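Just entry.txt here, compact mmCIF, C-alpha atoms and all ligand atoms:
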```
# COMPACT_ATOMS: atom_id res chain seq x y z
CA MET A 1 -27.10 -8.22 -19.08
CA THR A 2 -25.20 -11.05 -20.79
CA PRO A 3 -22.48 -13.49 -19.70
CA HIS A 4 -19.90 -10.96 -20.94
CA ASN A 5 -21.57 -7.64 -20.28
CA GLU A 6 -23.09 -6.22 -17.10
CA ALA A 7 -24.63 -3.16 -18.79
CA ASN A 8 -28.36 -2.66 -18.53
CA SER A 9 -30.71 -2.05 -21.40
CA GLY A 10 -30.24 1.55 -22.53
CA ASP A 11 -26.67 1.82 -21.25
CA TYR A 12 -25.16 1.85 -24.75
CA ALA A 13 -25.70 4.56 -27.32
CA GLU A 14 -26.85 3.52 -30.79
CA ALA A 15 -23.35 4.27 -32.10
CA VAL A 16 -20.38 2.39 -30.64
CA LEU A 17 -16.66 2.58 -31.31
CA LEU A 18 -14.85 -0.76 -31.10
CA PRO A 19 -11.13 -0.82 -30.26
CA GLY A 20 -9.49 -4.18 -29.62
CA ASP A 21 -7.62 -2.89 -26.59
CA PRO A 22 -9.61 -2.18 -23.38
CA LEU A 23 -7.15 0.55 -22.42
CA ARG A 24 -7.75 2.24 -25.77
CA ALA A 25 -11.46 2.18 -24.93
CA LYS A 26 -10.69 3.89 -21.62
CA TRP A 27 -8.36 6.41 -23.27
CA ILE A 28 -10.97 7.30 -25.92
CA ALA A 29 -13.69 7.68 -23.30
CA GLU A 30 -11.56 9.82 -20.98
CA THR A 31 -9.91 11.90 -23.71
CA PHE A 32 -12.82 12.64 -26.04
CA LEU A 33 -16.21 11.96 -24.45
CA ASP A 34 -18.20 14.34 -22.30
CA ALA A 35 -19.46 12.77 -19.07
CA PRO A 36 -18.12 9.27 -19.79
CA ARG A 37 -19.40 6.52 -17.53
CA LEU A 38 -18.25 2.93 -17.28
CA VAL A 39 -21.00 0.57 -18.42
CA ASN A 40 -19.09 -2.71 -18.60
CA SER A 41 -16.02 -4.12 -16.89
CA VAL A 42 -16.67 -7.86 -17.13
CA ARG A 43 -13.32 -9.53 -17.96
CA ASN A 44 -11.87 -6.01 -18.01
CA CYS A 45 -13.23 -5.69 -21.55
CA LEU A 46 -14.19 -2.11 -20.79
CA GLY A 47 -17.21 -0.29 -22.18
CA PHE A 48 -18.12 3.40 -21.69
CA THR A 49 -20.93 5.71 -22.73
CA GLY A 50 -20.78 9.50 -22.96
CA SER A 51 -21.28 12.09 -25.63
CA TRP A 52 -19.27 13.56 -28.47
CA LYS A 53 -20.21 16.95 -29.91
CA GLY A 54 -23.47 16.67 -27.98
CA LYS A 55 -24.45 13.29 -29.37
CA PRO A 56 -24.53 10.03 -27.38
CA VAL A 57 -21.82 7.53 -28.21
CA SER A 58 -20.26 4.47 -26.59
CA VAL A 59 -16.92 2.74 -26.84
CA GLN A 60 -16.57 -0.97 -26.15
CA ALA A 61 -13.38 -3.04 -26.34
CA THR A 62 -13.64 -6.26 -28.34
CA GLY A 63 -10.45 -8.01 -27.26
CA MET A 64 -8.26 -9.51 -29.97
CA GLY A 65 -9.48 -11.80 -32.74
CA GLN A 66 -12.78 -12.77 -34.28
CA PRO A 67 -14.25 -15.13 -31.65
CA SER A 68 -13.95 -12.46 -28.97
CA THR A 69 -15.18 -9.71 -31.30
CA ALA A 70 -18.14 -11.80 -32.43
CA ILE A 71 -19.36 -12.11 -28.85
CA TYR A 72 -19.29 -8.37 -28.17
CA VAL A 73 -20.75 -7.39 -31.54
CA HIS A 74 -23.51 -10.02 -31.36
CA GLU A 75 -24.53 -8.88 -27.89
CA LEU A 76 -24.29 -5.16 -28.66
CA VAL A 77 -26.59 -5.52 -31.64
CA THR A 78 -29.07 -8.12 -30.40
CA VAL A 79 -29.28 -7.22 -26.69
CA TYR A 80 -28.38 -3.52 -26.56
CA ASP A 81 -29.92 -2.38 -29.89
CA VAL A 82 -26.70 -0.88 -31.21
CA LYS A 83 -27.10 0.25 -34.82
CA THR A 84 -23.70 1.65 -35.84
CA LEU A 85 -20.35 0.01 -35.09
CA VAL A 86 -17.02 1.59 -35.99
CA ARG A 87 -13.87 -0.36 -35.30
CA VAL A 88 -10.92 1.84 -34.29
CA GLY A 89 -7.99 -0.51 -34.73
CA THR A 90 -4.35 -0.91 -35.55
CA SER A 91 -3.14 -2.90 -38.54
CA GLY A 92 -0.07 -4.09 -40.38
CA GLY A 93 0.54 -2.71 -43.88
CA LEU A 94 0.88 -5.31 -46.64
CA THR A 95 2.16 -3.09 -49.42
CA THR A 96 4.72 -0.31 -49.63
CA LYS A 97 1.92 1.99 -50.89
CA VAL A 98 0.61 2.01 -47.32
CA LYS A 99 2.93 3.76 -44.86
CA VAL A 100 2.97 3.60 -41.09
CA ARG A 101 0.63 6.26 -39.61
CA ASP A 102 -1.65 6.06 -42.68
CA ILE A 103 -5.27 5.16 -42.15
CA VAL A 104 -6.93 2.26 -43.93
CA LEU A 105 -10.70 2.35 -44.43
CA GLY A 106 -11.68 -1.27 -44.85
CA ALA A 107 -14.10 -1.59 -47.76
CA ALA A 108 -14.10 -5.37 -47.32
CA ALA A 109 -12.46 -7.92 -45.07
CA SER A 110 -11.07 -11.27 -46.20
CA THR A 111 -10.21 -13.87 -43.63
CA ASP A 112 -8.58 -17.22 -42.93
CA SER A 113 -11.09 -17.83 -40.13
CA ALA A 114 -13.42 -20.83 -40.36
CA MET A 115 -16.28 -18.89 -38.77
CA ASN A 116 -18.21 -18.23 -41.97
CA ILE A 117 -17.44 -21.42 -43.89
CA SER A 118 -20.29 -23.62 -42.70
CA VAL A 119 -22.71 -20.69 -42.59
CA PHE A 120 -22.34 -19.82 -46.27
CA ALA A 121 -21.28 -23.13 -47.88
CA PRO A 122 -21.04 -23.72 -50.80
CA TYR A 123 -20.41 -19.97 -51.22
CA THR A 124 -17.55 -17.86 -49.96
CA TYR A 125 -19.10 -14.76 -48.39
CA ALA A 126 -17.35 -11.41 -48.95
CA PRO A 127 -17.82 -9.32 -45.78
CA PHE A 128 -18.07 -5.63 -46.69
CA ALA A 129 -18.40 -2.28 -44.96
CA ASP A 130 -21.53 -0.14 -44.81
CA PHE A 131 -21.32 2.17 -47.81
CA GLY A 132 -22.74 5.23 -45.99
CA LEU A 133 -20.19 4.96 -43.20
CA LEU A 134 -17.39 4.35 -45.68
CA ARG A 135 -18.38 7.35 -47.81
CA SER A 136 -18.62 9.55 -44.74
CA ALA A 137 -15.21 8.40 -43.50
CA VAL A 138 -13.63 9.12 -46.89
CA GLU A 139 -15.14 12.63 -47.01
CA LYS A 140 -14.06 13.43 -43.46
CA ALA A 141 -10.56 12.03 -43.98
CA GLU A 142 -10.21 14.13 -47.16
CA ASN A 143 -11.45 17.27 -45.41
CA ARG A 144 -8.82 16.80 -42.69
CA SER A 145 -6.06 15.92 -45.15
CA LEU A 146 -5.50 12.61 -43.39
CA LYS A 147 -3.39 10.20 -45.40
CA HIS A 148 -5.88 7.41 -46.01
CA HIS A 149 -6.53 4.46 -48.31
CA VAL A 150 -9.72 2.61 -49.19
CA GLY A 151 -9.26 -1.08 -49.86
CA GLY A 152 -9.36 -4.54 -48.45
CA LEU A 153 -8.39 -5.68 -44.99
CA VAL A 154 -7.58 -9.23 -44.06
CA SER A 155 -8.71 -10.38 -40.63
CA GLY A 156 -6.15 -13.01 -39.74
CA ASP A 157 -6.47 -15.62 -37.01
CA VAL A 158 -2.68 -15.84 -36.72
CA PHE A 159 -0.57 -12.87 -35.62
CA TYR A 160 2.91 -14.40 -35.94
CA HIS A 161 4.12 -15.75 -39.28
CA ASP A 162 7.63 -16.94 -40.20
CA ASN A 163 7.49 -14.99 -43.46
CA PRO A 164 4.64 -12.47 -43.38
CA ALA A 165 5.49 -10.94 -46.77
CA GLU A 166 5.09 -14.35 -48.40
CA THR A 167 2.02 -15.27 -46.35
CA TYR A 168 0.12 -12.20 -47.52
CA ARG A 169 1.62 -11.82 -51.02
CA THR A 170 -1.40 -13.04 -53.00
CA LEU A 171 -3.84 -11.02 -50.93
CA ALA A 172 -1.68 -7.92 -51.35
CA GLU A 173 -1.69 -8.53 -55.10
CA HIS A 174 -5.50 -8.35 -54.90
CA ASN A 175 -5.70 -4.91 -53.24
CA VAL A 176 -5.75 -6.12 -49.66
CA LEU A 177 -3.89 -3.30 -47.97
CA ALA A 178 -3.50 -4.28 -44.33
CA VAL A 179 -3.90 -7.11 -41.84
CA GLU A 180 -5.80 -6.93 -38.58
CA MET A 181 -7.87 -9.50 -36.71
CA GLU A 182 -11.52 -8.42 -36.32
CA ALA A 183 -13.20 -6.67 -39.28
CA SER A 184 -14.44 -9.78 -41.09
CA THR A 185 -16.74 -10.95 -38.32
CA LEU A 186 -17.77 -7.37 -37.54
CA TYR A 187 -18.98 -6.90 -41.13
CA THR A 188 -20.63 -10.32 -41.26
CA LEU A 189 -22.59 -9.89 -38.03
CA ALA A 190 -23.59 -6.32 -38.84
CA ALA A 191 -25.02 -7.53 -42.14
CA ARG A 192 -26.79 -10.44 -40.44
CA PHE A 193 -28.53 -8.24 -37.88
CA GLY A 194 -29.20 -5.14 -39.99
CA ALA A 195 -26.61 -2.88 -38.36
CA ARG A 196 -23.97 -0.67 -40.01
CA ALA A 197 -20.27 -1.31 -39.60
CA LEU A 198 -16.93 0.09 -40.70
CA ALA A 199 -13.37 -0.71 -39.67
CA ILE A 200 -10.96 2.22 -39.58
CA CYS A 201 -7.40 1.15 -38.87
CA ALA A 202 -4.19 3.04 -38.29
CA VAL A 203 -1.17 1.35 -39.81
CA SER A 204 1.11 0.61 -36.86
CA ASP A 205 3.76 -1.36 -38.77
CA CYS A 206 4.57 -2.51 -42.29
CA LEU A 207 5.01 -6.26 -42.75
CA ILE A 208 6.99 -5.71 -45.96
CA THR A 209 9.52 -3.07 -44.88
CA ARG A 210 9.38 -4.02 -41.16
CA GLU A 211 8.99 -0.32 -40.34
CA GLU A 212 7.20 0.30 -37.04
CA ILE A 213 5.52 3.36 -35.66
CA ASP A 214 7.33 5.10 -32.82
CA PRO A 215 5.43 5.69 -29.58
CA ALA A 216 4.84 9.43 -30.17
CA ALA A 217 3.58 8.89 -33.72
CA ARG A 218 1.44 5.99 -32.53
CA GLN A 219 -0.33 8.24 -30.05
CA SER A 220 -0.92 11.08 -32.49
CA SER A 221 -2.19 8.76 -35.21
CA LEU A 222 -4.53 7.08 -32.73
CA HIS A 223 -5.74 10.57 -31.78
CA GLU A 224 -6.62 11.34 -35.41
CA LEU A 225 -8.17 7.92 -35.79
CA ALA A 226 -10.40 8.30 -32.73
CA GLU A 227 -11.65 11.76 -33.77
CA LEU A 228 -12.41 10.55 -37.28
CA ALA A 229 -14.22 7.46 -36.00
CA LEU A 230 -16.27 9.48 -33.51
CA ASP A 231 -17.39 11.91 -36.20
CA VAL A 232 -18.31 9.07 -38.54
CA ALA A 233 -20.17 7.17 -35.83
CA VAL A 234 -22.37 10.06 -34.70
CA GLU A 235 -22.82 11.97 -37.97
CA ALA A 236 -23.08 9.45 -40.78
O1 LIG A 301 -5.15 -2.59 -31.99
P1 LIG A 301 -6.32 -3.53 -32.12
O2 LIG A 301 -7.61 -2.84 -32.30
O3 LIG A 301 -6.37 -4.55 -31.00
O4 LIG A 301 -6.08 -4.35 -33.48
C1 LIG A 301 -4.94 -5.12 -33.82
O5 LIG A 301 -4.02 -5.35 -32.76
C2 LIG A 301 -4.18 -6.70 -32.25
C3 LIG A 301 -2.91 -7.47 -32.50
O6 LIG A 301 -1.81 -6.87 -31.93
C4 LIG A 301 -5.37 -7.30 -32.98
O7 LIG A 301 -6.54 -7.08 -32.24
C5 LIG A 301 -5.34 -6.51 -34.27
O8 LIG A 301 -6.53 -6.50 -35.00
O1 LIG A 302 0.94 -6.44 -37.94
C1 LIG A 302 -0.13 -6.24 -37.36
C2 LIG A 302 -0.37 -5.01 -36.70
C3 LIG A 302 -1.54 -4.84 -36.07
N1 LIG A 302 -2.42 -5.85 -36.09
C4 LIG A 302 -2.21 -7.02 -36.70
O2 LIG A 302 -3.06 -7.91 -36.67
N2 LIG A 302 -1.05 -7.18 -37.32
```
Re-express the file's structure as structure tokens.
Amino acid sequence: MTPHNEANSGDYAEAVLLPGDPLRAKWIAETFLDAPRLVNSVRNCLGFTGSWKGKPVSVQATGMGQPSTAIYVHELVTVYDVKTLVRVGTSGGLTTKVKVRDIVLGAAASTDSAMNISVFAPYTYAPFADFGLLRSAVEKAENRSLKHHVGGLVSGDVFYHDNPAETYRTLAEHNVLAVEMEASTLYTLAARFGARALAICAVSDCLITREEIDPAARQSSLHELAELALDVAVEA
């Protein structure tokens, strides 16, 4: 039990999917898991445990942004002994190479957040994904012919920008493919506590072309994303 989580010890599986949206957590649990049970509803940041292809797995919402995500990840790893964390998120494409509906596998996550500055000063830490999870996700995405990209994410603290193309231009010129808001702290905390983490993000809109996913495509790409993330989480 923690201030943010009413689950008991043993309620979470060792592998946990992490969507930002609590309703995505519920949808994943109800759509894909066998025998899902609610393990956390504090603040409506829903968490469920069930099984996928016979293996135990949980899904826990993180809320939006790094401070919220850091709380859930810290507690999952240090209190509930979670070992594998796979973010299942949405993201905004930062280059025309990345189309809406594509999947971005975040090899690393830059950030404008101040969270790591004092921890690593005078260095700038480069948060990076677990290589085994990343390799497994690439292999599984290739086997399913999912349109995917491996590259950098940027975990931004600010969602709305007057001129997003300009804001992210330099990052995009350095192979940062998409913006979201959580992967950087996920990777940092996983490294700190000896867990494995990967962020897998569907591209829901492109900040350069302003193209957005339509509701039907959004649902089917989230479906593919969830199945891929579940396989990676329980098999890698
Ligand atoms: O769809 P989720 O997983 O919440 O991810 C993205 O969507 C939210 C912003 O709309 C942020 O949390 C961002 O990272
Ligand atoms: O543009 C976007 C889309 C999803 N998530 C973000 O943080 N930004």
* Asked: Suppose you want the space between CA of Leu171 (chain A) and CA of Thr95 (chain A); what is it in Å?
  ->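 The value is 10.1 Å.
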If we draw a sphere of 10 Å around (1.4, 5.5, -43.9), which residues have at least one atom in it when counting only C-alpha atoms? Please report them as an mmCIF file with C-alpha atoms, keeping the file's coordinate frame.
```cif
data_model
loop_
_atom_site.group_PDB
_atom_site.id
_atom_site.type_symbol
_atom_site.label_atom_id
_atom_site.label_comp_id
_atom_site.auth_asym_id
_atom_site.auth_seq_id
_atom_site.Cartn_x
_atom_site.Cartn_y
_atom_site.Cartn_z
ATOM 1 C CA GLY A 93 0.540 -2.710 -43.880
ATOM 2 C CA THR A 96 4.720 -0.310 -49.630
ATOM 3 C CA LYS A 97 1.920 1.990 -50.890
ATOM 4 C CA VAL A 98 0.610 2.010 -47.320
ATOM 5 C CA LYS A 99 2.930 3.760 -44.860
ATOM 6 C CA VAL A 100 2.970 3.600 -41.090
ATOM 7 C CA ARG A 101 0.630 6.260 -39.610
ATOM 8 C CA ASP A 102 -1.650 6.060 -42.680
ATOM 9 C CA ILE A 103 -5.270 5.160 -42.150
ATOM 10 C CA VAL A 104 -6.930 2.260 -43.930
ATOM 11 C CA LEU A 146 -5.500 12.610 -43.390
ATOM 12 C CA LYS A 147 -3.390 10.200 -45.400
ATOM 13 C CA HIS A 148 -5.880 7.410 -46.010
ATOM 14 C CA HIS A 149 -6.530 4.460 -48.310
ATOM 15 C CA ALA A 202 -4.190 3.040 -38.290
ATOM 16 C CA VAL A 203 -1.170 1.350 -39.810
ATOM 17 C CA SER A 204 1.110 0.610 -36.860
ATOM 18 C CA ASP A 205 3.760 -1.360 -38.770
ATOM 19 C CA CYS A 206 4.570 -2.510 -42.290
ATOM 20 C CA ILE A 213 5.520 3.360 -35.660
ATOM 21 C CA SER A 221 -2.190 8.760 -35.210
#
```
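Residue nearest Leu76 (chain A), chosen from A:Leu198, A:Val59, A:Ala107, A:Ala137 and counting all atoms listed in the file: A:Val59.
A straight line drawn from CA of Cys45 (chain A) to CA of Pro67 (chain A) is 13.9 Å long.
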* Protein, DNA and RNA residues within 10 Å of (-10.4, -10.2, -29.8), all atoms listed in the file, as a list in words ->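 Those residues lying close to the given coordinates are Pro19, Gly20, Asp21, Cys45, Ala61, Thr62, Gly63, Met64, Gly65, Gln66, Pro67, Ser68, Thr69, Ala70, Ile71, Tyr72, Asp157, Met181 and Glu182 of chain A.
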Would you output that residue set with C-alpha atoms, as a PDB file, in the coordinates of the input?
```
ATOM      1  CA  PRO A  19     -11.130  -0.820 -30.260  1.00  0.00           C
ATOM      2  CA  GLY A  20      -9.490  -4.180 -29.620  1.00  0.00           C
ATOM      3  CA  ASP A  21      -7.620  -2.890 -26.590  1.00  0.00           C
ATOM      4  CA  CYS A  45     -13.230  -5.690 -21.550  1.00  0.00           C
ATOM      5  CA  ALA A  61     -13.380  -3.040 -26.340  1.00  0.00           C
ATOM      6  CA  THR A  62     -13.640  -6.260 -28.340  1.00  0.00           C
ATOM      7  CA  GLY A  63     -10.450  -8.010 -27.260  1.00  0.00           C
ATOM      8  CA  MET A  64      -8.260  -9.510 -29.970  1.00  0.00           C
ATOM      9  CA  GLY A  65      -9.480 -11.800 -32.740  1.00  0.00           C
ATOM     10  CA  GLN A  66     -12.780 -12.770 -34.280  1.00  0.00           C
ATOM     11  CA  PRO A  67     -14.250 -15.130 -31.650  1.00  0.00           C
ATOM     12  CA  SER A  68     -13.950 -12.460 -28.970  1.00  0.00           C
ATOM     13  CA  THR A  69     -15.180  -9.710 -31.300  1.00  0.00           C
ATOM     14  CA  ALA A  70     -18.140 -11.800 -32.430  1.00  0.00           C
ATOM     15  CA  ILE A  71     -19.360 -12.110 -28.850  1.00  0.00           C
ATOM     16  CA  TYR A  72     -19.290  -8.370 -28.170  1.00  0.00           C
ATOM     17  CA  ASP A 157      -6.470 -15.620 -37.010  1.00  0.00           C
ATOM     18  CA  MET A 181      -7.870  -9.500 -36.710  1.00  0.00           C
ATOM     19  CA  GLU A 182     -11.520  -8.420 -36.320  1.00  0.00           C
TER      20      GLU A 182
END
```
* **Distance in Å - CA of Gly194 (chain A) versus CA of Asn5 (chain A)** => 21.3 Å
Starting from the sparse input, extend region 205-219 of chain A to N, CA, C and O atoms and give the output as a PDB file, in the frame of the given file.
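Everything below was put into rebuild-v7.pdb:
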```
ATOM      1  N   ASP A 205       2.482  -0.819 -38.289  1.00  0.00           N
ATOM      2  CA  ASP A 205       3.760  -1.360 -38.770  1.00  0.00           C
ATOM      3  C   ASP A 205       3.547  -1.846 -40.208  1.00  0.00           C
ATOM      4  O   ASP A 205       2.419  -2.031 -40.642  1.00  0.00           O
ATOM      5  N   CYS A 206       4.653  -1.998 -40.920  1.00  0.00           N
ATOM      6  CA  CYS A 206       4.570  -2.510 -42.290  1.00  0.00           C
ATOM      7  C   CYS A 206       5.222  -3.885 -42.324  1.00  0.00           C
ATOM      8  O   CYS A 206       6.389  -4.021 -41.958  1.00  0.00           O
ATOM      9  N   LEU A 207       4.481  -4.894 -42.748  1.00  0.00           N
ATOM     10  CA  LEU A 207       5.010  -6.260 -42.750  1.00  0.00           C
ATOM     11  C   LEU A 207       5.989  -6.496 -43.886  1.00  0.00           C
ATOM     12  O   LEU A 207       6.681  -7.506 -43.904  1.00  0.00           O
ATOM     13  N   ILE A 208       6.068  -5.561 -44.832  1.00  0.00           N
ATOM     14  CA  ILE A 208       6.990  -5.710 -45.960  1.00  0.00           C
ATOM     15  C   ILE A 208       8.328  -5.050 -45.623  1.00  0.00           C
ATOM     16  O   ILE A 208       9.384  -5.656 -45.739  1.00  0.00           O
ATOM     17  N   THR A 209       8.275  -3.796 -45.172  1.00  0.00           N
ATOM     18  CA  THR A 209       9.520  -3.070 -44.880  1.00  0.00           C
ATOM     19  C   THR A 209       9.989  -3.269 -43.440  1.00  0.00           C
ATOM     20  O   THR A 209      11.091  -2.902 -43.095  1.00  0.00           O
ATOM     21  N   ARG A 210       9.112  -3.820 -42.599  1.00  0.00           N
ATOM     22  CA  ARG A 210       9.380  -4.020 -41.160  1.00  0.00           C
ATOM     23  C   ARG A 210       9.449  -2.693 -40.400  1.00  0.00           C
ATOM     24  O   ARG A 210       9.901  -2.648 -39.259  1.00  0.00           O
ATOM     25  N   GLU A 211       9.029  -1.618 -41.040  1.00  0.00           N
ATOM     26  CA  GLU A 211       8.990  -0.320 -40.340  1.00  0.00           C
ATOM     27  C   GLU A 211       7.912  -0.364 -39.261  1.00  0.00           C
ATOM     28  O   GLU A 211       6.842  -0.955 -39.468  1.00  0.00           O
ATOM     29  N   GLU A 212       8.182   0.243 -38.120  1.00  0.00           N
ATOM     30  CA  GLU A 212       7.200   0.300 -37.040  1.00  0.00           C
ATOM     31  C   GLU A 212       6.999   1.742 -36.627  1.00  0.00           C
ATOM     32  O   GLU A 212       7.908   2.565 -36.730  1.00  0.00           O
ATOM     33  N   ILE A 213       5.822   2.004 -36.109  1.00  0.00           N
ATOM     34  CA  ILE A 213       5.520   3.360 -35.660  1.00  0.00           C
ATOM     35  C   ILE A 213       6.236   3.612 -34.328  1.00  0.00           C
ATOM     36  O   ILE A 213       6.368   2.701 -33.513  1.00  0.00           O
ATOM     37  N   ASP A 214       6.734   4.838 -34.122  1.00  0.00           N
ATOM     38  CA  ASP A 214       7.330   5.100 -32.820  1.00  0.00           C
ATOM     39  C   ASP A 214       6.238   5.537 -31.848  1.00  0.00           C
ATOM     40  O   ASP A 214       5.143   5.914 -32.267  1.00  0.00           O
ATOM     41  N   PRO A 215       6.498   5.465 -30.547  1.00  0.00           N
ATOM     42  CA  PRO A 215       5.430   5.690 -29.580  1.00  0.00           C
ATOM     43  C   PRO A 215       4.725   7.042 -29.743  1.00  0.00           C
ATOM     44  O   PRO A 215       3.492   7.125 -29.628  1.00  0.00           O
ATOM     45  N   ALA A 216       5.475   8.109 -30.046  1.00  0.00           N
ATOM     46  CA  ALA A 216       4.840   9.430 -30.170  1.00  0.00           C
ATOM     47  C   ALA A 216       3.913   9.454 -31.392  1.00  0.00           C
ATOM     48  O   ALA A 216       2.779   9.934 -31.332  1.00  0.00           O
ATOM     49  N   ALA A 217       4.399   8.913 -32.502  1.00  0.00           N
ATOM     50  CA  ALA A 217       3.580   8.890 -33.720  1.00  0.00           C
ATOM     51  C   ALA A 217       2.375   7.987 -33.527  1.00  0.00           C
ATOM     52  O   ALA A 217       1.279   8.273 -34.025  1.00  0.00           O
ATOM     53  N   ARG A 218       2.556   6.902 -32.788  1.00  0.00           N
ATOM     54  CA  ARG A 218       1.440   5.990 -32.530  1.00  0.00           C
ATOM     55  C   ARG A 218       0.309   6.747 -31.816  1.00  0.00           C
ATOM     56  O   ARG A 218      -0.848   6.658 -32.189  1.00  0.00           O
ATOM     57  N   GLN A 219       0.694   7.533 -30.811  1.00  0.00           N
ATOM     58  CA  GLN A 219      -0.330   8.240 -30.050  1.00  0.00           C
ATOM     59  C   GLN A 219      -1.037   9.284 -30.899  1.00  0.00           C
ATOM     60  O   GLN A 219      -2.258   9.399 -30.861  1.00  0.00           O
TER      61      GLN A 219
END
```
